[in-house]
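Asker: One structure coming up, written as structure tokens, with questions to follow.
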Amino acid sequence: MSPAALPSPTVGVLELGPLTIHAYALCILAGIAAAIWIGDRRLRDRGGEAGVVLDVAMWAVPFGIVGGRIYHVITTPQPYFGEGGHPIDALKIWEGGLGIWGAVALGAVGAWIGCRQLRVSFLTFADAVVPGILVAQAIGRWGNWFNNEIYGPATDLPWGLEIHRWDGATGRAAVDAAGDPVVLGTFHPTFLYESLFLLVLAVALLVLDRRLRLAPGQVMALYIAGYPVGRFFIEMLRTDAANTILGLRVNIWTSLAVFVLGVVLYIVLGRRARSGEETNISDSEKLPLSR
């Protein structure tokens, strides 16, 4: 490792007797906790009751985890169903591999079900929680750091990231004959770039929500359109193995499609609000958002 390079962990697990705790999972859990706390504060500012976000999260989080894993397995099936793959490994979420697009899509379905159960406006709920979701994504990306994954091309820049050859089965760096961790090189820390972008986008949405008169659901739409912008460029940097369509990574095509969806939603929701048409939030739902 060059003196200026950023270090990576050589161990991604904490062993407490027979219990093995993966840092990747802890990052995901920390992100979920942050999203619930931020979302709860913002929903209460909109007239909601304390605890509503946690109640809806009981639906959204399991749906999101399942959706994220399904997307990952579908778009990267080789490690599980290809030559030498083990299908049972598709269930080992703690070893990494959650596709954010599937997590958000199915998580939104879970949130919609939760909102229906609690009789809470889904659009108001979504506007309240999306900045926290961005923070959760930013925290969750550090799980990739612990797993020595999600990096770009080699670099000698001062913020280049040292990457080890990783043994996913043990959650540790592979070692050489002398017992020293095997270093693959120094690479662009794309996980860090994405984490910082997510935090900037979260702050931008908070500022826009405060300063602009947005229609219900438009903060959500800005999230849907905004995140793919950064993800597009980060995907262009990534060098880890990925399936492609017409020479471009699948996630790049997904980013483009999701960006268009966000722009369309923003325009449609704004027009509906201006024309006075009924949206998912009625006047009686705006307050008190009660259960």
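Every chain in the structure tokens has a letter given in the order shown (A, B, ...), and although residue numbers restart at 1 in each chain, ligands are simply numbered from 1 in the order shown.
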Per residue of stretch 17-117 of chain A within 9 Å of stretch 133-142 of chain A, record the nearest atom pair and its distance in Å to one decimal, counting only C-alpha atoms, with rows in chain order and ascending residue number, as JSON lines.
Answerer:
{"residue": "A:Ala23", "atom": "CA", "partner": "A:Trp142", "partner_atom": "CA", "distance": 8.8}
{"residue": "A:Tyr24", "atom": "CA", "partner": "A:Gly140", "partner_atom": "CA", "distance": 7.5}
{"residue": "A:Ala25", "atom": "CA", "partner": "A:Gly140", "partner_atom": "CA", "distance": 8.5}
{"residue": "A:Leu26", "atom": "CA", "partner": "A:Gly140", "partner_atom": "CA", "distance": 8.5}
{"residue": "A:Cys27", "atom": "CA", "partner": "A:Gly140", "partner_atom": "CA", "distance": 4.9}
{"residue": "A:Ile28", "atom": "CA", "partner": "A:Gly140", "partner_atom": "CA", "distance": 4.8}
{"residue": "A:Leu29", "atom": "CA", "partner": "A:Gly140", "partner_atom": "CA", "distance": 8.0}
{"residue": "A:Ala30", "atom": "CA", "partner": "A:Ile139", "partner_atom": "CA", "distance": 7.1}
{"residue": "A:Gly31", "atom": "CA", "partner": "A:Ala136", "partner_atom": "CA", "distance": 3.7}
{"residue": "A:Ile32", "atom": "CA", "partner": "A:Ala136", "partner_atom": "CA", "distance": 5.8}
{"residue": "A:Ala33", "atom": "CA", "partner": "A:Ala136", "partner_atom": "CA", "distance": 7.9}
{"residue": "A:Ala34", "atom": "CA", "partner": "A:Ala136", "partner_atom": "CA", "distance": 6.2}
{"residue": "A:Ala35", "atom": "CA", "partner": "A:Ile133", "partner_atom": "CA", "distance": 5.2}
{"residue": "A:Ile36", "atom": "CA", "partner": "A:Ile133", "partner_atom": "CA", "distance": 8.4}
{"residue": "A:Ile38", "atom": "CA", "partner": "A:Ile133", "partner_atom": "CA", "distance": 8.7}
{"residue": "A:Gly39", "atom": "CA", "partner": "A:Ile133", "partner_atom": "CA", "distance": 8.2}
{"residue": "A:Ile100", "atom": "CA", "partner": "A:Gln137", "partner_atom": "CA", "distance": 8.4}
Asker: If you run DSSP on this backbone, which residues of stretch 51-254 of chain A come out as strand (DSSP E or B), and could you give them as a ChimeraX atom specification?
Answerer: /A:154,161-164,166-167,172-173,175,181,183-187,244-245,248-249
Asker: Any idea what's packed within 12 Å of A:Arg42, counting only C-alpha atoms, ignoring anything in its chain fewer than 3 positions away? Could you give it as a list in words?
Answerer: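 Counting only C-alpha atoms, the residues come to Ala35, Ile36, Trp37, Ile38, Gly39, Asp45, Arg46, Gly47, Gly48, Glu49, Ala50, Gly51, Val52, Val53, Thr124, Phe125, Ala126, Asp127, Ala128, Val129, Val130, Pro131, Gly132, Leu206, Asp209 and Arg210 of chain A.
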Asker: Pick out each residue of stretch 123-265 of chain A that DSSP on the backbone tags as helix (DSSP H, G or I); I need them as a short mmCIF file (atom, residue, chain, number, x, y, z; two decimals) with C-alpha atoms, in the first residue's frame.
Answerer:
data_model
loop_
_atom_site.label_atom_id
_atom_site.label_comp_id
_atom_site.auth_asym_id
_atom_site.auth_seq_id
_atom_site.Cartn_x
_atom_site.Cartn_y
_atom_site.Cartn_z
CA LEU A 123 -47.24 10.20 -0.77
CA THR A 124 -46.89 12.18 2.44
CA PHE A 125 -45.10 9.26 4.06
CA ALA A 126 -42.73 8.88 1.10
CA ASP A 127 -41.87 12.59 1.06
CA ALA A 128 -41.06 12.39 4.76
CA VAL A 129 -38.80 9.35 4.59
CA VAL A 130 -36.79 9.68 1.37
CA PRO A 131 -34.05 11.96 2.81
CA GLY A 132 -33.56 9.39 5.56
CA ILE A 133 -33.47 6.60 2.97
CA LEU A 134 -30.61 8.42 1.24
CA VAL A 135 -28.74 8.61 4.54
CA ALA A 136 -29.42 4.91 5.06
CA GLN A 137 -27.97 4.14 1.63
CA ALA A 138 -24.91 6.25 2.43
CA ILE A 139 -24.31 4.33 5.65
CA GLY A 140 -25.03 0.98 4.03
CA TRP A 142 -19.73 1.30 4.08
CA GLY A 143 -20.61 -2.37 4.25
CA ASN A 144 -18.88 -2.60 0.86
CA TRP A 145 -15.76 -1.11 2.42
CA PHE A 146 -15.72 -3.83 5.07
CA THR A 190 -16.48 4.18 -5.74
CA PHE A 191 -18.39 3.10 -2.62
CA LEU A 192 -17.11 6.28 -0.95
CA TYR A 193 -18.01 8.45 -3.95
CA GLU A 194 -21.54 7.11 -3.85
CA SER A 195 -21.84 7.53 -0.09
CA LEU A 196 -20.82 11.19 -0.32
CA PHE A 197 -23.15 11.80 -3.27
CA LEU A 198 -26.05 10.31 -1.32
CA LEU A 199 -25.43 12.62 1.62
CA VAL A 200 -25.25 15.65 -0.68
CA LEU A 201 -28.50 14.62 -2.36
CA ALA A 202 -30.18 14.15 1.03
CA VAL A 203 -29.23 17.68 2.06
CA ALA A 204 -30.37 19.04 -1.32
CA LEU A 205 -33.80 17.43 -0.92
CA LEU A 206 -34.15 18.83 2.60
CA VAL A 207 -33.33 22.33 1.33
CA LEU A 208 -35.66 22.09 -1.66
CA ASP A 209 -38.47 20.72 0.50
CA ARG A 210 -38.07 23.69 2.84
CA ARG A 211 -37.76 26.42 0.20
CA GLN A 218 -42.61 15.46 -5.52
CA VAL A 219 -39.85 15.02 -2.92
CA MET A 220 -40.13 11.30 -3.59
CA ALA A 221 -39.98 11.98 -7.34
CA LEU A 222 -36.83 14.09 -6.91
CA TYR A 223 -35.25 11.20 -5.06
CA ILE A 224 -36.23 8.77 -7.81
CA ALA A 225 -34.78 11.09 -10.47
CA GLY A 226 -31.81 12.36 -8.48
CA TYR A 227 -30.18 9.17 -7.28
CA PRO A 228 -29.71 7.64 -10.77
CA VAL A 229 -27.76 10.74 -11.85
CA GLY A 230 -24.93 9.99 -9.45
CA ARG A 231 -25.29 6.24 -9.84
CA PHE A 232 -24.88 6.53 -13.63
CA PHE A 233 -21.41 8.06 -13.35
CA ILE A 234 -20.36 5.78 -10.50
CA GLU A 235 -21.35 2.73 -12.54
CA MET A 236 -19.16 4.02 -15.37
CA LEU A 237 -16.20 3.92 -12.96
CA VAL A 250 -27.25 -3.44 -16.45
CA ASN A 251 -27.30 -0.90 -13.63
CA ILE A 252 -26.55 1.90 -16.10
CA TRP A 253 -29.66 1.02 -18.12
CA THR A 254 -31.64 0.76 -14.91
CA SER A 255 -30.37 4.20 -13.84
CA LEU A 256 -31.56 5.73 -17.10
CA ALA A 257 -35.00 4.12 -16.82
CA VAL A 258 -35.44 5.15 -13.19
CA PHE A 259 -34.34 8.72 -13.95
CA VAL A 260 -37.03 9.00 -16.64
CA LEU A 261 -39.59 7.56 -14.23
CA GLY A 262 -38.68 10.14 -11.58
CA VAL A 263 -38.96 13.04 -14.03
CA VAL A 264 -42.33 11.83 -15.28
CA LEU A 265 -43.64 11.41 -11.72
#
Asker: Identify which of the residues A:Gly82, A:Gly99, A:Pro216, A:Pro7 lies closest to A:Ile65, counting only C-alpha atoms when measuring atom-to-atom distances.
Answerer: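 Among the listed residues, A:Gly99 lies closest to A:Ile65.
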